[in-house]
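> Just so it is clear, I am handing over upload-v7.csv, which has CSV, C-alpha atoms.
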```csv
chain,number,residue,atom,x,y,z
A,1,MET,CA,8.3,15.0,-13.4
A,2,ARG,CA,8.4,16.6,-10.0
A,3,ILE,CA,8.3,14.3,-7.0
A,4,ASP,CA,7.7,15.6,-3.5
A,5,LEU,CA,9.1,13.1,-1.0
A,6,LEU,CA,7.7,13.4,2.5
A,7,THR,CA,9.6,11.8,5.5
A,8,ARG,CA,10.2,12.3,9.2
A,9,GLU,CA,13.9,11.3,9.0
A,10,TYR,CA,16.4,13.0,6.7
A,11,PRO,CA,20.0,14.0,7.2
A,12,PRO,CA,21.3,14.8,9.7
A,13,ASP,CA,18.4,13.2,11.6
A,14,VAL,CA,18.7,9.6,10.4
A,15,TYR,CA,18.3,7.0,13.1
A,16,GLY,CA,16.8,3.9,11.3
A,17,GLY,CA,16.3,2.1,8.0
A,18,ALA,CA,13.5,4.5,6.9
A,19,GLY,CA,15.9,7.4,7.1
A,20,VAL,CA,18.6,5.7,5.2
A,21,HIS,CA,16.0,4.7,2.6
A,22,ALA,CA,14.8,8.3,2.2
A,23,ARG,CA,18.3,9.7,1.9
A,24,GLU,CA,19.5,7.2,-0.6
A,25,LEU,CA,16.4,7.0,-2.7
A,26,THR,CA,16.3,10.8,-3.0
A,27,ALA,CA,19.9,10.9,-4.2
A,28,ALA,CA,19.3,8.2,-6.8
A,29,LEU,CA,16.0,9.7,-8.0
A,30,ARG,CA,17.6,13.2,-8.3
A,31,ARG,CA,20.0,11.8,-11.0
A,32,ARG,CA,16.8,11.1,-13.0
A,33,THR,CA,14.2,13.7,-12.2
A,34,GLU,CA,13.3,16.6,-9.9
A,35,VAL,CA,12.8,15.7,-6.2
A,36,ARG,CA,11.8,18.1,-3.5
A,37,VAL,CA,12.2,16.7,0.0
A,38,ARG,CA,9.9,17.8,2.9
A,39,CYS,CA,11.0,16.4,6.2
A,40,PHE,CA,10.5,16.9,9.9
A,41,GLY,CA,13.0,19.1,11.8
A,42,ARG,CA,16.0,20.9,10.4
A,43,PRO,CA,17.7,19.1,7.5
A,44,ALA,CA,21.3,19.8,6.4
A,45,PRO,CA,21.5,22.6,3.8
A,46,GLU,CA,20.6,21.0,0.5
A,47,PRO,CA,18.7,22.4,-2.6
A,48,HIS,CA,15.0,21.6,-2.8
A,49,THR,CA,14.9,20.3,0.8
A,50,THR,CA,12.6,21.9,3.4
A,51,GLY,CA,12.4,21.1,7.1
A,52,TYR,CA,9.2,21.5,9.1
A,53,PRO,CA,9.3,22.1,12.9
A,54,VAL,CA,6.6,20.9,15.3
A,55,PRO,CA,4.0,23.7,15.7
A,56,GLU,CA,4.8,25.6,18.8
A,57,ALA,CA,1.3,24.9,20.3
A,58,LEU,CA,2.0,21.2,20.0
A,59,THR,CA,5.5,20.9,21.4
A,60,ARG,CA,4.3,19.3,24.6
A,61,ALA,CA,1.6,17.2,22.9
A,62,ASN,CA,1.6,13.4,22.3
A,63,PRO,CA,4.2,12.5,19.7
A,64,ALA,CA,1.6,11.2,17.3
A,65,LEU,CA,-0.3,14.5,17.5
A,66,ARG,CA,2.9,16.4,17.0
A,67,ALA,CA,3.5,14.4,13.8
A,68,LEU,CA,0.0,15.2,12.6
A,69,GLY,CA,0.5,18.9,13.3
A,70,THR,CA,3.8,19.0,11.4
A,71,SER,CA,2.1,17.3,8.4
A,72,LEU,CA,-0.3,20.2,7.8
A,73,PRO,CA,2.2,22.8,6.3
A,74,MET,CA,4.0,19.9,4.5
A,75,ALA,CA,0.7,19.1,2.7
A,76,GLU,CA,0.1,22.7,1.8
A,77,ASP,CA,3.5,23.1,0.2
A,78,VAL,CA,3.2,20.1,-2.1
A,79,ARG,CA,1.2,22.3,-4.6
A,80,GLY,CA,2.7,21.8,-8.1
A,81,ALA,CA,4.1,18.3,-7.6
A,82,ASP,CA,3.3,15.4,-10.0
A,83,ILE,CA,3.6,12.7,-7.4
A,84,VAL,CA,3.7,12.9,-3.6
A,85,HIS,CA,5.6,10.0,-2.0
A,86,SER,CA,5.4,9.5,1.8
A,87,HIS,CA,7.5,7.3,4.1
A,88,THR,CA,6.3,5.9,7.5
A,89,TRP,CA,3.2,6.8,9.4
A,90,TYR,CA,4.7,10.1,10.5
A,91,ALA,CA,4.5,11.5,7.0
A,92,ASN,CA,1.6,9.5,5.6
A,93,ALA,CA,-1.0,11.9,6.9
A,94,ALA,CA,0.8,14.7,5.0
A,95,GLY,CA,0.8,12.6,1.8
A,96,ARG,CA,-2.9,11.8,2.2
A,97,LEU,CA,-3.9,15.4,2.8
A,98,ALA,CA,-1.7,16.6,-0.1
A,99,SER,CA,-3.4,14.1,-2.4
A,100,LEU,CA,-6.8,15.4,-1.5
A,101,LEU,CA,-5.9,19.0,-1.5
A,102,HIS,CA,-3.9,19.2,-4.7
A,103,GLY,CA,-5.4,16.2,-6.7
A,104,VAL,CA,-1.9,14.5,-7.0
A,105,PRO,CA,-1.3,10.8,-6.9
A,106,HIS,CA,-0.1,9.5,-3.5
A,107,VAL,CA,2.6,6.7,-3.3
A,108,MET,CA,3.4,5.3,0.1
A,109,THR,CA,6.4,3.2,1.1
A,110,LEU,CA,5.7,0.9,4.0
A,111,HIS,CA,8.7,0.3,6.2
A,112,SER,CA,6.7,-1.3,8.9
A,113,LEU,CA,3.0,-1.7,9.8
A,114,GLU,CA,1.6,-0.2,13.0
A,115,PRO,CA,-0.8,-3.1,13.8
A,116,LEU,CA,2.3,-5.4,13.9
A,117,ARG,CA,4.2,-3.2,16.3
A,118,PRO,CA,2.0,-3.3,19.4
A,119,TRP,CA,5.0,-2.4,21.6
A,120,LYS,CA,4.8,1.2,20.1
A,121,ALA,CA,2.0,1.7,22.6
A,122,GLU,CA,4.7,1.8,25.3
A,123,GLN,CA,6.3,4.7,23.4
A,124,LEU,CA,3.2,6.6,22.1
A,125,GLY,CA,0.6,5.8,24.8
A,126,SER,CA,-2.8,6.6,23.5
A,127,GLY,CA,-1.1,8.2,20.5
A,128,TYR,CA,-0.6,4.6,19.1
A,129,ARG,CA,-4.3,4.7,18.2
A,130,LEU,CA,-3.7,7.9,16.3
A,131,SER,CA,-0.6,6.6,14.5
A,132,SER,CA,-2.6,3.5,13.5
A,133,MET,CA,-5.5,5.6,12.3
A,134,MET,CA,-3.2,7.8,10.2
A,135,GLU,CA,-1.6,4.7,8.6
A,136,GLN,CA,-4.8,2.9,8.0
A,137,SER,CA,-6.6,5.8,6.3
A,138,ALA,CA,-3.6,6.6,4.1
A,139,VAL,CA,-3.1,2.9,3.1
A,140,ALA,CA,-6.8,2.6,2.2
A,141,ALA,CA,-6.7,5.6,-0.1
A,142,ALA,CA,-3.1,5.6,-1.6
A,143,ASP,CA,-2.8,5.2,-5.3
A,144,ALA,CA,0.1,2.9,-5.0
A,145,LEU,CA,1.8,1.1,-2.0
A,146,VAL,CA,5.4,0.0,-1.9
A,147,ALA,CA,6.4,-2.9,0.4
A,148,VAL,CA,10.1,-3.3,1.1
A,149,SER,CA,9.8,-7.1,0.9
A,150,ALA,CA,7.5,-9.8,-0.4
A,151,ALA,CA,6.9,-10.8,3.3
A,152,MET,CA,5.8,-7.3,4.0
A,153,ARG,CA,3.4,-7.3,1.1
A,154,GLU,CA,1.8,-10.5,2.5
A,155,ASP,CA,1.5,-8.8,5.9
A,156,LEU,CA,0.0,-5.7,4.3
A,157,LEU,CA,-2.7,-7.6,2.4
A,158,ARG,CA,-3.5,-9.6,5.6
A,159,VAL,CA,-3.6,-6.7,7.9
A,160,TYR,CA,-5.5,-4.4,5.5
A,161,PRO,CA,-7.7,-6.8,3.4
A,162,GLU,CA,-9.5,-3.8,1.8
A,163,VAL,CA,-6.3,-3.1,-0.2
A,164,SER,CA,-6.4,-4.5,-3.8
A,165,PRO,CA,-3.2,-6.6,-4.5
A,166,GLU,CA,-2.5,-4.8,-7.8
A,167,ARG,CA,-1.9,-1.6,-5.8
A,168,VAL,CA,1.0,-3.2,-3.9
A,169,HIS,CA,4.5,-3.2,-5.4
A,170,VAL,CA,7.5,-5.0,-3.9
A,171,ILE,CA,10.7,-2.9,-4.1
A,172,HIS,CA,13.5,-4.1,-1.8
A,173,ASN,CA,15.8,-1.7,0.0
A,174,GLY,CA,19.2,-1.1,-1.4
A,175,ILE,CA,22.8,-0.2,-0.4
A,176,ASP,CA,25.5,1.9,-1.9
A,177,PRO,CA,28.4,-0.5,-2.5
A,178,GLU,CA,30.9,2.4,-2.6
A,179,VAL,CA,29.8,3.6,0.9
A,180,CYS,CA,29.1,0.1,2.4
A,181,ARG,CA,32.4,-1.7,1.6
A,182,PRO,CA,35.1,-3.4,3.5
A,183,ASP,CA,37.3,-0.9,5.3
A,184,PRO,CA,40.5,-2.3,6.8
A,185,ARG,CA,41.2,0.8,8.9
A,186,GLY,CA,40.9,0.5,12.6
A,187,ASP,CA,40.3,4.0,14.0
A,188,ALA,CA,36.8,3.1,15.1
A,189,LEU,CA,38.1,0.1,17.1
A,190,ASP,CA,40.7,2.2,18.8
A,191,ARG,CA,38.1,4.9,19.6
A,192,PHE,CA,35.7,2.5,21.3
A,193,GLY,CA,38.3,0.3,23.1
A,194,ILE,CA,37.7,-2.8,21.0
A,195,ASP,CA,40.6,-5.2,21.1
A,196,PRO,CA,41.5,-6.0,17.4
A,197,THR,CA,43.3,-9.2,18.5
A,198,ARG,CA,40.0,-10.7,19.9
A,199,PRO,CA,37.0,-11.6,17.7
A,200,TYR,CA,33.9,-9.5,18.3
A,201,VAL,CA,30.2,-10.0,17.6
A,202,LEU,CA,28.4,-6.8,16.6
A,203,PHE,CA,24.8,-5.4,17.0
A,204,VAL,CA,23.7,-2.2,15.4
A,205,GLY,CA,20.2,-0.9,16.0
A,206,ARG,CA,17.8,1.1,18.1
A,207,VAL,CA,16.9,0.0,21.6
A,208,THR,CA,13.4,-1.1,20.9
A,209,ARG,CA,11.5,-4.3,21.4
A,210,GLN,CA,11.4,-4.8,17.6
A,211,LYS,CA,15.2,-5.1,17.4
A,212,GLY,CA,15.5,-7.9,20.0
A,213,LEU,CA,18.6,-6.6,21.7
A,214,GLN,CA,17.4,-8.1,25.0
A,215,HIS,CA,17.5,-11.5,23.4
A,216,LEU,CA,21.0,-11.0,22.2
A,217,LEU,CA,22.1,-10.0,25.7
A,218,ARG,CA,20.6,-13.2,27.0
A,219,ALA,CA,22.5,-15.1,24.3
A,220,GLY,CA,25.7,-13.4,25.5
A,221,PHE,CA,25.7,-15.6,28.6
A,222,HIS,CA,26.2,-18.6,26.3
A,223,LEU,CA,29.2,-17.2,24.5
A,224,ASP,CA,32.8,-17.8,25.2
A,225,PRO,CA,34.0,-14.9,27.6
A,226,LYS,CA,37.0,-14.4,25.3
A,227,VAL,CA,34.6,-13.1,22.6
A,228,GLN,CA,33.8,-9.4,22.7
A,229,LEU,CA,30.2,-8.3,22.2
A,230,VAL,CA,29.9,-4.8,20.8
A,231,LEU,CA,26.5,-3.1,21.0
A,232,CYS,CA,26.1,0.0,18.8
A,233,CYS,CA,22.8,1.3,20.1
A,234,GLY,CA,20.5,4.2,19.2
A,235,GLN,CA,18.1,6.1,21.5
A,236,PRO,CA,15.8,3.8,23.6
A,237,ASP,CA,12.2,4.0,22.7
A,238,THR,CA,11.0,4.1,26.3
A,239,PRO,CA,12.4,4.2,29.9
A,240,ASP,CA,11.1,0.7,30.4
A,241,ILE,CA,13.1,-0.9,27.5
A,242,ALA,CA,16.1,1.2,28.5
A,243,ALA,CA,16.0,-0.1,32.0
A,244,GLU,CA,15.6,-3.7,30.9
A,245,VAL,CA,18.5,-3.5,28.5
A,246,ASP,CA,20.7,-1.7,31.1
A,247,GLY,CA,19.9,-4.3,33.7
A,248,LEU,CA,20.8,-7.2,31.4
A,249,ALA,CA,23.9,-5.4,30.2
A,250,ALA,CA,25.1,-4.9,33.7
A,251,GLU,CA,24.4,-8.5,34.6
A,252,LEU,CA,26.2,-9.7,31.5
A,253,SER,CA,29.2,-7.4,32.1
A,254,ALA,CA,29.8,-9.0,35.5
A,255,ALA,CA,30.0,-12.5,33.9
A,256,HIS,CA,31.4,-11.5,30.5
A,257,PRO,CA,34.0,-8.7,30.6
A,258,GLY,CA,34.0,-8.3,26.8
A,259,LEU,CA,30.8,-6.3,26.6
A,260,ILE,CA,31.3,-2.9,24.9
A,261,ARG,CA,28.5,-0.4,24.5
A,262,VAL,CA,28.5,2.4,22.0
A,263,ASP,CA,25.4,4.4,22.9
A,264,ALA,CA,25.0,6.4,19.7
A,265,MET,CA,24.2,5.9,16.0
A,266,VAL,CA,27.5,6.3,14.3
A,267,ASP,CA,28.6,7.9,11.0
A,268,PRO,CA,28.9,5.8,7.9
A,269,VAL,CA,32.7,5.6,8.0
A,270,THR,CA,32.7,4.4,11.6
A,271,LEU,CA,29.9,1.9,10.8
A,272,ARG,CA,31.7,0.3,7.9
A,273,GLN,CA,34.8,-0.1,10.0
A,274,LEU,CA,32.9,-1.7,12.8
A,275,LEU,CA,31.1,-4.0,10.3
A,276,THR,CA,34.3,-4.9,8.5
A,277,HIS,CA,36.2,-6.0,11.5
A,278,ALA,CA,33.3,-7.9,13.2
A,279,ALA,CA,33.6,-11.6,13.2
A,280,VAL,CA,29.9,-11.9,13.1
A,281,PHE,CA,27.0,-9.4,12.7
A,282,VAL,CA,23.8,-10.3,14.6
A,283,CYS,CA,20.3,-9.2,13.9
A,284,PRO,CA,18.0,-10.6,16.6
A,285,SER,CA,14.9,-8.8,15.5
A,286,VAL,CA,11.4,-10.0,16.4
A,287,TYR,CA,9.8,-8.0,13.6
A,288,GLU,CA,11.7,-6.9,10.5
A,289,PRO,CA,10.1,-6.1,7.2
A,290,MET,CA,13.6,-6.2,5.6
A,291,GLY,CA,16.5,-4.8,7.6
A,292,ILE,CA,18.9,-2.6,5.7
A,293,VAL,CA,21.6,-3.2,8.3
A,294,ASN,CA,21.9,-6.8,7.2
A,295,LEU,CA,22.6,-5.6,3.7
A,296,GLU,CA,25.2,-3.2,5.1
A,297,ALA,CA,26.9,-6.0,7.0
A,298,MET,CA,26.9,-8.2,3.9
A,299,ALA,CA,28.3,-5.4,1.8
A,300,CYS,CA,31.2,-5.1,4.2
A,301,GLY,CA,32.0,-8.7,3.7
A,302,THR,CA,30.8,-9.9,7.2
A,303,ALA,CA,28.8,-13.0,7.9
A,304,VAL,CA,25.3,-12.5,9.4
A,305,VAL,CA,23.3,-14.3,12.0
A,306,ALA,CA,19.7,-13.2,11.9
A,307,SER,CA,16.2,-14.1,13.0
A,308,ASP,CA,14.3,-16.1,10.4
A,309,THR,CA,11.4,-13.6,10.3
A,310,GLY,CA,9.7,-11.0,8.1
A,311,GLY,CA,11.7,-10.0,5.0
A,312,ILE,CA,15.1,-11.0,6.5
A,313,PRO,CA,15.3,-14.3,4.5
A,314,GLU,CA,14.9,-12.3,1.3
A,315,VAL,CA,18.3,-10.7,2.1
A,316,VAL,CA,20.2,-13.3,4.2
A,317,ARG,CA,20.3,-16.6,2.5
A,318,HIS,CA,20.8,-19.4,5.1
A,319,GLY,CA,24.1,-21.2,4.6
A,320,GLU,CA,25.1,-18.9,1.7
A,321,THR,CA,25.5,-15.4,3.1
A,322,GLY,CA,24.7,-16.1,6.8
A,323,LEU,CA,22.8,-18.2,9.2
A,324,LEU,CA,19.1,-17.8,10.0
A,325,VAL,CA,17.8,-18.6,13.5
A,326,PRO,CA,14.3,-20.0,13.8
A,327,PHE,CA,11.8,-17.6,15.3
A,328,GLU,CA,8.4,-18.6,16.5
A,329,PRO,CA,6.4,-15.7,17.9
A,330,ASP,CA,4.2,-16.0,21.0
A,331,PRO,CA,0.6,-15.4,19.8
A,332,ALA,CA,-0.3,-14.3,23.3
A,333,SER,CA,2.5,-11.7,23.5
A,334,PRO,CA,1.4,-8.1,22.8
A,335,ALA,CA,5.0,-7.2,22.2
A,336,GLY,CA,5.8,-9.9,19.6
A,337,GLU,CA,8.1,-11.8,21.9
A,338,PRO,CA,9.3,-15.3,21.0
A,339,ALA,CA,7.2,-18.2,22.2
A,340,ASP,CA,10.3,-19.6,24.0
A,341,PRO,CA,12.7,-16.7,24.8
A,342,GLY,CA,15.3,-19.0,26.4
A,343,ARG,CA,15.4,-21.3,23.3
A,344,PHE,CA,15.6,-18.3,21.0
A,345,ALA,CA,18.6,-16.8,22.9
A,346,ALA,CA,20.3,-20.2,23.0
A,347,ASP,CA,19.8,-20.7,19.3
A,348,LEU,CA,21.3,-17.2,18.6
A,349,ALA,CA,24.3,-18.1,20.6
A,350,ARG,CA,24.7,-21.5,18.9
A,351,ALA,CA,24.6,-19.9,15.4
A,352,VAL,CA,27.2,-17.3,16.5
A,353,GLU,CA,29.5,-19.9,18.1
A,354,ARG,CA,29.3,-22.0,14.9
A,355,LEU,CA,30.7,-19.1,12.9
A,356,LEU,CA,33.2,-18.1,15.5
A,357,ASP,CA,34.5,-21.7,15.5
A,358,ASP,CA,34.8,-22.0,11.7
A,359,GLU,CA,36.8,-19.2,10.1
A,360,SER,CA,36.6,-20.7,6.6
A,361,LEU,CA,32.8,-20.7,6.8
A,362,ARG,CA,32.8,-17.1,8.0
A,363,MET,CA,35.0,-16.0,5.2
A,364,ARG,CA,32.9,-17.9,2.6
A,365,LEU,CA,29.7,-16.4,3.8
A,366,GLY,CA,31.2,-12.9,4.0
A,367,ARG,CA,32.4,-13.1,0.4
A,368,ALA,CA,29.1,-14.4,-0.9
A,369,GLY,CA,27.3,-11.6,1.1
A,370,ARG,CA,29.4,-8.9,-0.5
A,371,ALA,CA,28.8,-10.3,-4.0
A,372,ARG,CA,25.0,-10.6,-3.4
A,373,ALA,CA,24.7,-7.1,-2.0
A,374,GLU,CA,26.6,-5.7,-5.0
A,375,SER,CA,24.8,-7.6,-7.7
A,376,GLU,CA,21.2,-7.6,-6.4
A,377,PHE,CA,20.7,-4.6,-4.2
A,378,SER,CA,21.5,-1.1,-5.4
A,379,TRP,CA,19.8,2.3,-5.0
A,380,ASP,CA,19.9,2.8,-8.8
A,381,ARG,CA,17.7,-0.3,-9.1
A,382,VAL,CA,15.4,1.0,-6.3
A,383,ALA,CA,15.1,4.3,-8.1
A,384,ALA,CA,14.3,2.8,-11.5
A,385,GLU,CA,11.6,0.5,-10.0
A,386,THR,CA,10.1,3.4,-8.1
A,387,LEU,CA,10.1,5.6,-11.2
A,388,ALA,CA,8.2,2.9,-13.0
A,389,VAL,CA,5.5,3.0,-10.2
A,390,TYR,CA,5.3,6.8,-10.6
A,391,ARG,CA,4.9,6.6,-14.4
A,392,SER,CA,2.2,4.0,-14.1
A,393,LEU,CA,0.2,6.6,-12.2
A,394,THR,CA,0.9,9.6,-14.3
A,395,GLY,CA,1.5,8.2,-17.8
A,396,ALA,CA,4.7,10.2,-18.1
```
Turn the structure described in the file into structure tokens.

Amino acid sequence: MRIDLLTREYPPDVYGGAGVHARELTAALRRRTEVRVRCFGRPAPEPHTTGYPVPEALTRANPALRALGTSLPMAEDVRGADIVHSHTWYANAAGRLASLLHGVPHVMTLHSLEPLRPWKAEQLGSGYRLSSMMEQSAVAAADALVAVSAAMREDLLRVYPEVSPERVHVIHNGIDPEVCRPDPRGDALDRFGIDPTRPYVLFVGRVTRQKGLQHLLRAGFHLDPKVQLVLCCGQPDTPDIAAEVDGLAAELSAAHPGLIRVDAMVDPVTLRQLLTHAAVFVCPSVYEPMGIVNLEAMACGTAVVASDTGGIPEVVRHGETGLLVPFEPDPASPAGEPADPGRFAADLARAVERLLDDESLRMRLGRAGRARAESEFSWDRVAAETLAVYRSLTGA
């Protein structure tokens, strides 16, 4: 069976959970069957992996239109595949077009839903309508849909009521326990000026409204100044969110000298060292279909504090592998903000302080998190369940 996997992100251009998923699922599937990867940009040299640049005529176009243009040659090259499997709205159009063009079943993995990310309009402008259209049309026609959590499956069926439930399969994300594991070395701490004698709270994620970094910064005002707050941040979505985060960080730095910013997505070895040595990992997301980074923290033996939203509770078990902070969205907010931002920030701080004050609880949650990540989440399981979906469509 030949699978053509279509994705925007692929090494070395991995900046979020969807990119990690595409990379690790490909590796696990290739141990079982033939997989050809078609991705945006210039991937690292790898057999059966092809990169597609933005067409020259569209290099200055809206990002959504650039994605659509890039999808066209990807769709053409799928000829000969048994299954086409697309990831995120960027590549869904290529999957849909390939299915129509070559008569091949189309599987989509949903890592998020455009209608539930209204803040993307800040990044894409009018292109948000185009990205939503590409997602909706592909969802409506796909032969099978994979949701990365049960919560996301519920969202999918609510947002797209035309989808029949039997087409939607829940396959959680995974981790590689050999890559994501406790790493006692401290090179990364030395490199970024983190004091190993003082506890630190860690955030890893993109600077986007979805990830809730601004709420963690507000929570920082409630933390003991002796505690370091380490922010490992990816590229901001927009100048507005960058300015908001920069302003809050500057204000917090004046009152809390332990703020350390790492403005880059780091390599896997650096990430696992940062996760291993963190006293607490925090995921303050306002929207999170699952959140691979919580699994990565758990696999490194670190207790997690996370928003009780989306698919996070399917990964982080309250009182067992971490603490969940209640999250109530504001129905009037177009950006999915909490109904009471001040209370949400205070609740985040309170959960973090509880773990900082109780080392035995931190250690117990960390050990349980590692055990759960190893036993219940693996890319081999993800690959096996994904292959079962493929076979249900091809009879192979």
> From the list A:Pro45, A:Pro326, A:Pro177, A:Gly258, which residue is nearest A:Arg343 when using only C-alpha atoms?
A:Pro326
> Go through stretch 69-108 of chain A and flag each residue having an atom no more than 12 Å from stretch 128-148 of chain A; for those, report the closest pair of atoms plus their distance in Å to one decimal, using only C-alpha atoms, ordered by chain and rising number, as a Markdown table.

```
| residue | atom | partner | partner_atom | distance |
| --- | --- | --- | --- | --- |
| A:Ser71 | CA | A:Met134 | CA | 11.0 |
| A:Ile83 | CA | A:Asp143 | CA | 10.1 |
| A:Val84 | CA | A:Ala142 | CA | 10.2 |
| A:His85 | CA | A:Ala144 | CA | 9.5 |
| A:Ser86 | CA | A:Ala138 | CA | 9.7 |
| A:His87 | CA | A:Val146 | CA | 9.7 |
| A:Thr88 | CA | A:Glu135 | CA | 8.1 |
| A:Trp89 | CA | A:Glu135 | CA | 5.3 |
| A:Tyr90 | CA | A:Ser131 | CA | 7.5 |
| A:Ala91 | CA | A:Met134 | CA | 9.1 |
| A:Asn92 | CA | A:Ala138 | CA | 6.1 |
| A:Ala93 | CA | A:Met134 | CA | 5.7 |
| A:Ala94 | CA | A:Ala138 | CA | 9.3 |
| A:Gly95 | CA | A:Ala138 | CA | 7.8 |
| A:Arg96 | CA | A:Ala138 | CA | 5.6 |
| A:Leu97 | CA | A:Ala138 | CA | 8.9 |
| A:Ala98 | CA | A:Ala138 | CA | 11.0 |
| A:Ser99 | CA | A:Ala142 | CA | 8.5 |
| A:Leu100 | CA | A:Ala141 | CA | 9.9 |
| A:Gly103 | CA | A:Asp143 | CA | 11.4 |
| A:Val104 | CA | A:Asp143 | CA | 9.5 |
| A:Pro105 | CA | A:Asp143 | CA | 6.0 |
| A:His106 | CA | A:Ala142 | CA | 5.3 |
| A:Val107 | CA | A:Ala144 | CA | 4.9 |
| A:Met108 | CA | A:Leu145 | CA | 5.0 |
```
> For the residues selected in the previous step, produce a file with C-alpha atoms as a CSV table (one decimal), keeping the file's coordinate frame.

```csv
chain,number,residue,atom,x,y,z
A,71,SER,CA,2.1,17.3,8.4
A,83,ILE,CA,3.6,12.7,-7.4
A,84,VAL,CA,3.7,12.9,-3.6
A,85,HIS,CA,5.6,10.0,-2.0
A,86,SER,CA,5.4,9.5,1.8
A,87,HIS,CA,7.5,7.3,4.1
A,88,THR,CA,6.3,5.9,7.5
A,89,TRP,CA,3.2,6.8,9.4
A,90,TYR,CA,4.7,10.1,10.5
A,91,ALA,CA,4.5,11.5,7.0
A,92,ASN,CA,1.6,9.5,5.6
A,93,ALA,CA,-1.0,11.9,6.9
A,94,ALA,CA,0.8,14.7,5.0
A,95,GLY,CA,0.8,12.6,1.8
A,96,ARG,CA,-2.9,11.8,2.2
A,97,LEU,CA,-3.9,15.4,2.8
A,98,ALA,CA,-1.7,16.6,-0.1
A,99,SER,CA,-3.4,14.1,-2.4
A,100,LEU,CA,-6.8,15.4,-1.5
A,103,GLY,CA,-5.4,16.2,-6.7
A,104,VAL,CA,-1.9,14.5,-7.0
A,105,PRO,CA,-1.3,10.8,-6.9
A,106,HIS,CA,-0.1,9.5,-3.5
A,107,VAL,CA,2.6,6.7,-3.3
A,108,MET,CA,3.4,5.3,0.1
```
> For stretch 285-302 of chain A, take all atoms listed in the file, fit an axis-aligned box around them, add 8 Å to each of the six sides, then output centre and edge lengths in Å rounded to one decimal, as JSON.

```
{"center_x": 20.9, "center_y": -6.3, "center_z": 9.1, "size_x": 38.2, "size_y": 23.4, "size_z": 30.6}
```
> Can you measure atom CA of A:Phe192 to atom CA of A:Met265 for me? One decimal in Å is fine.
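Result for atom CA of A:Phe192 versus atom CA of A:Met265: 13.1 Å, one decimal.
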> For atom CA of A:Val20 and atom CA of A:Leu113, determine how far apart the two atoms are, in Å to one decimal place.
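Pair atom CA of A:Val20 / atom CA of A:Leu113 returns 17.9 Å.
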> List as a Markdown table every residue of stretch 189-254 of chain A that is in contact with stretch 290-309 of chain A, defined as an atom at most 12 Å from one of its atoms (using all atoms listed in the file), together with the nearest atom pair and the distance in Å rounded to one decimal, sorted by chain and then rising number.

```
| residue | atom | partner | partner_atom | distance |
| --- | --- | --- | --- | --- |
| A:Tyr200 | CA | A:Thr302 | CA | 11.5 |
| A:Val201 | CA | A:Val305 | CA | 9.9 |
| A:Leu202 | CA | A:Val304 | CA | 9.7 |
| A:Phe203 | CA | A:Val293 | CA | 9.5 |
| A:Val204 | CA | A:Val293 | CA | 7.5 |
| A:Gly205 | CA | A:Val293 | CA | 8.2 |
| A:Arg206 | CA | A:Val293 | CA | 11.4 |
| A:Gln210 | CA | A:Gly291 | CA | 11.2 |
| A:Lys211 | CA | A:Gly291 | CA | 9.9 |
| A:Gly212 | CA | A:Ser307 | CA | 9.4 |
| A:Leu213 | CA | A:Ser307 | CA | 11.7 |
| A:His215 | CA | A:Ser307 | CA | 10.8 |
| A:Leu216 | CA | A:Ala306 | CA | 10.6 |
| A:Cys232 | CA | A:Val293 | CA | 11.9 |
```
> Counting all atoms listed in the file, figure out which residue out of A:Thr386, A:Ser253, A:Thr238, A:Ser149 gets nearest to A:Leu217.
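Smallest separation from A:Leu217 among the options: A:Ser253.
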> Could you list, as a ChimeraX atom specification, every residue within 10 Å of A:Ala383, counting all atoms listed in the file and ignoring same-chain residues fewer than 4 positions away?
/A:24-32,171,174,378-379,387-389
> Tell me which protein, DNA and RNA residues are within 9 Å of A:Val352, counting all atoms listed in the file, leaving out same-chain ones fewer than 2 positions away, and put them as a list in words.
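Once the nearby chain positions are removed, what remains is Val201, Leu223, Val280, Phe281, Val282, Val304, Val305, Leu323, Asp347, Leu348, Ala349, Arg350, Arg354, Leu355, Leu356 and Asp357 of chain A.
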> Report the distance between atom CA of A:Ala351 and atom CA of A:Gly322 in Å, rounded to one decimal place.
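For atom CA of A:Ala351 relative to atom CA of A:Gly322, the distance reads 9.4 Å.
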> Pick out the closest residue to A:His48 from this set: A:Ala61, A:Val14, A:Val286, A:Ile3. Count all atoms listed in the file.
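Closest to A:His48, using all atoms listed in the file: A:Ile3.
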> Let me make sure I understand: among A:Ala75, A:Val315, A:Val325, A:Ala346, which one has the smallest atom-to-atom distance to A:Ala368 if we use only C-alpha atoms?
A:Val315
> Counting only C-alpha atoms, which residue out of A:Pro329, A:Gly220, A:Pro182, A:Ile241 sits closest to A:Gly366?
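Closest to A:Gly366, using only C-alpha atoms: A:Pro182.
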> I need the residue nearest A:Phe40 from this list: A:Arg367, A:His169, A:Arg8, A:His21. Use all atoms listed in the file for the distance.
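Among the listed residues, the smallest separation from A:Phe40 belongs to A:Arg8.
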> Would you pick out the contacts of A:Asp240 at 12 Å or less, using all atoms listed in the file, so that residues sharing its chain but fewer than 3 positions from it are not included, and give the list as a PyMOL selection string?
chain A and resi 119+122-123+207-209+236-237+243-247
> Considering only C-alpha atoms, return as a PDB file with C-alpha atoms, keeping the file's coordinate frame whatever protein or nucleic-acid residues lie within 7 Å of A:Gly311, sequence-local ones (same chain, fewer than 4 positions apart) excluded.

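Ended up saving to part15.pdb:
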```pdb
ATOM      1  CA  SER A 149       9.800  -7.100   0.900  1.00  0.00           C
ATOM      2  CA  ALA A 150       7.500  -9.800  -0.400  1.00  0.00           C
ATOM      3  CA  ALA A 151       6.900 -10.800   3.300  1.00  0.00           C
ATOM      4  CA  MET A 152       5.800  -7.300   4.000  1.00  0.00           C
ATOM      5  CA  GLU A 288      11.700  -6.900  10.500  1.00  0.00           C
ATOM      6  CA  PRO A 289      10.100  -6.100   7.200  1.00  0.00           C
ATOM      7  CA  MET A 290      13.600  -6.200   5.600  1.00  0.00           C
TER       8      MET A 290
END
```
